[in-house]
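Comments concern the structure below.
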Amino acid sequence: MGKDIKKVVLAYSGGLDTSVILKWLVETYQCEVVAFSADIGQGEELEPVRGKAEASGACAVYIDDLREEFVKDYVFPAFRANAIYEGQYLLGTSLARPLISKRQMEIAKLEGADAVSHGATGKGNDQVRFELSYLAIDPSIKIIAPWREWDLNSRTKLMAYAEKHGIPVPTTQAKPYSSDRNLLHISFEGGVLEDPWAPPEEDMFVMSVSPQQAPDQPEEVLIQFEQGNPVAVNGEKLSPANLLAKLNELGGKHGVGRMDIVENRFVGMKSRGVYETPGGTILRIAHMNMETLTMDREVAHLRDSLIPKYAELVYNGFWFSPEMKLLQTTIDATQENVCGEVLLELYKGNCRVLGRRSDKSLYRMDFATFEEDEVYRQKDAEGFIRLNSLRLRIQSMLNK
């Protein structure tokens with residue numbers, strides 16, 4: 001099979017797994033390997049990755065800054081939908097995979113590569129997300145998933161392979177879990193977290209302080225929206241990536257956005273994950289409250305019924321599917337008037353809304369007031385209730 005592959009584009013992080021994979025691809029398939037690293041806000045200096053990839057045998061290295069595209073074209077669309085998986089997970093990893101896959105496929109075309117490869121294991125969701133995206137873009141692409149092929153099925157074997165081939169390996173003791181970070185979140189899985197009864201250690205967290213250690217004084221944050229997208233924080237207009245980074249900073253400072261979840265993976269097993277999503281947590285609360293003021297009731301209820309399906313499609317890897325396109329178009333049509341400002345208070349892990357205002361507001365104080373008004377005839381409610389109770393009254397009469 002190796003002779004069938006001439007050039008592979010590998011999604012490369014520079015960690016132990018993908019460093020071993022790069023060398024393994026060269027040796028196993030006798031092919032050229034192009035290493036691709038995406039900067040989506042993981043907070044690490046990626047330039048050293050270039051030298052490491054070249055030392056491991058890469059014929060070319062791409063390091064692309066995709067932070068603005070990630071937030072503008074993947075995070076914001078999902079937050080316009082208020083997407084949340086199983087009521088808790090804000091889809092941080094799920095939203096990044098289609099973007100990485102898309103750019104990887106663009107590089108494959110540029111390089112004339114006939115295959116792509118990733119470091120996702122055969123147990124997880126990421127293999128599905130990567131490969132569904134690859135195949136939606138080019139059904140003829142060949143895919144190499146080393147974790148489903150090789151016998152290097154333990155960290156000990158990976159370390160031994162790395163040492164044998166002169167691949168630099170971490171000298172410090174490995175953290176007892178795996179993590180994945182981008183501008184939206186950081187996730188922790190595996191190792192000590194595989195026991196769902198065991199609480200995470202405080203020193204594990206990266207993006208947020210513990211609520212107990214957060215400032216004793218609350219902080220107010222003003223977020224401005226235009227057509228469902230946040231455009232400014234505290235009066236300062238910011239690009240999508242810079243805006244999310246700002247909210248991460250504010251939320252992290254006050255211990256907002258920590259979540260400990262047992263979720264259902266697409267492949268069928270349950271998995272325990274711990275997440276930090278400070279900026280995303282603030283953004284979702286603000287957006288939902290902006291909608292309460294500006295969105296029609298029936299439109300809101302219909303859109304809300306689509307959220308579980310939308311989140312499931314994102315989680316399961318169907319970002320580039322026709323049904324996803326349909327859902328996004330529908331949801332975006334609901335956002336035209338979601339404009340205005342929401343004022344929130346951050347305090348010791350909590351994010352609460354203090355106020356909301358909009359030029360597109362459907363809220364009318366003259367209709368809603370408990371004081372005397374001249375626009376609503378309360379006697380009309382009698383007929384409204386009598387008509388709505390008709391089928392209930394008939395049912396009761398039948399029962400008697």
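Starting from 1 in every chain, residues are counted up; chains themselves are A, B, ... following the order of the structure tokens, and ligands are numbered from 1 as listed.
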| task | Enumerate the residues of segment 72-290 of chain A with a DSSP assignment of helix (DSSP H, G or I), computed from the backbone, and present them as a PyMOL selection string. | result | chain A and resi 72-80+92-111+126-137+146-148+155-164+191-194+202-204+211-213+240-253+278-290
| Could you name the residues that touch segment 101-104 of chain A at 8 Å or less, counting only C-alpha atoms, but leaving out those on the same chain fewer than 5 positions away, as a list in words? | Val9, Leu10, Ala11, Phe36, Val116, Phe130, Ser133, Tyr134 and Ile137 of chain A
| query | Pick the closest to Ile84 of chain A from A:Glu263, A:Glu374, A:Glu249, A:Glu202: which is it, counting only C-alpha atoms? | reply |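 So, comparing all the options, the nearest one is A:Glu263.
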| query | Out of segment 247-398 of chain A, which residues get strand (DSSP E) from DSSP, as JSON, numbers by chain? | reply | {"A": [258, 259, 260, 261, 262, 263, 264, 270, 271, 272, 273, 274, 275, 276, 340, 341, 342, 343, 344, 345, 346, 347, 350, 351, 352, 353, 354, 355, 356, 357]}
Print the selection's residues with C-alpha atoms to a file, as a short mmCIF file (atom, residue, chain, number, x, y, z; two decimals), in the first residue's frame.
data_model
loop_
_atom_site.label_atom_id
_atom_site.label_comp_id
_atom_site.auth_asym_id
_atom_site.auth_seq_id
_atom_site.Cartn_x
_atom_site.Cartn_y
_atom_site.Cartn_z
CA ARG A 258 -15.59 25.79 34.24
CA MET A 259 -17.53 22.63 33.42
CA ASP A 260 -17.13 18.95 34.39
CA ILE A 261 -19.12 16.68 32.08
CA VAL A 262 -19.77 13.04 31.27
CA GLU A 263 -20.78 13.18 27.61
CA ASN A 264 -21.83 10.71 24.92
CA LYS A 270 -19.39 7.79 27.44
CA SER A 271 -16.43 10.04 28.19
CA ARG A 272 -15.62 12.37 31.07
CA GLY A 273 -14.25 15.78 30.12
CA VAL A 274 -13.37 18.91 32.06
CA TYR A 275 -13.63 22.20 30.17
CA GLU A 276 -12.77 25.86 30.63
CA GLY A 340 -28.13 46.15 21.03
CA GLU A 341 -26.26 45.93 24.32
CA VAL A 342 -26.23 43.58 27.29
CA LEU A 343 -24.72 44.52 30.65
CA LEU A 344 -23.40 41.64 32.76
CA GLU A 345 -21.77 41.18 36.15
CA LEU A 346 -18.93 38.70 36.70
CA TYR A 347 -18.40 37.50 40.26
CA ASN A 350 -21.05 33.54 38.14
CA CYS A 351 -22.17 35.59 35.17
CA ARG A 352 -25.49 37.36 35.57
CA VAL A 353 -27.31 39.86 33.41
CA LEU A 354 -27.92 43.33 34.85
CA GLY A 355 -29.66 44.87 31.85
CA ARG A 356 -30.31 44.83 28.14
CA ARG A 357 -31.35 47.49 25.61
#
| said: When you look at Asn248 of chain A with a cut-off of 6 Å (counting only C-alpha atoms), what residues show up, excluding the ones that are within fewer than 3 positions of it in the same chain? I need them as a count of residues only. | reply: 5
| said: I need the residue nearest Lys23 of chain A from this list: A:Ala55, A:Ala60, A:Ile186, A:Ile100. Use only C-alpha atoms for the distance. | reply: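 The closest residue to Lys23 of chain A is A:Ala55.
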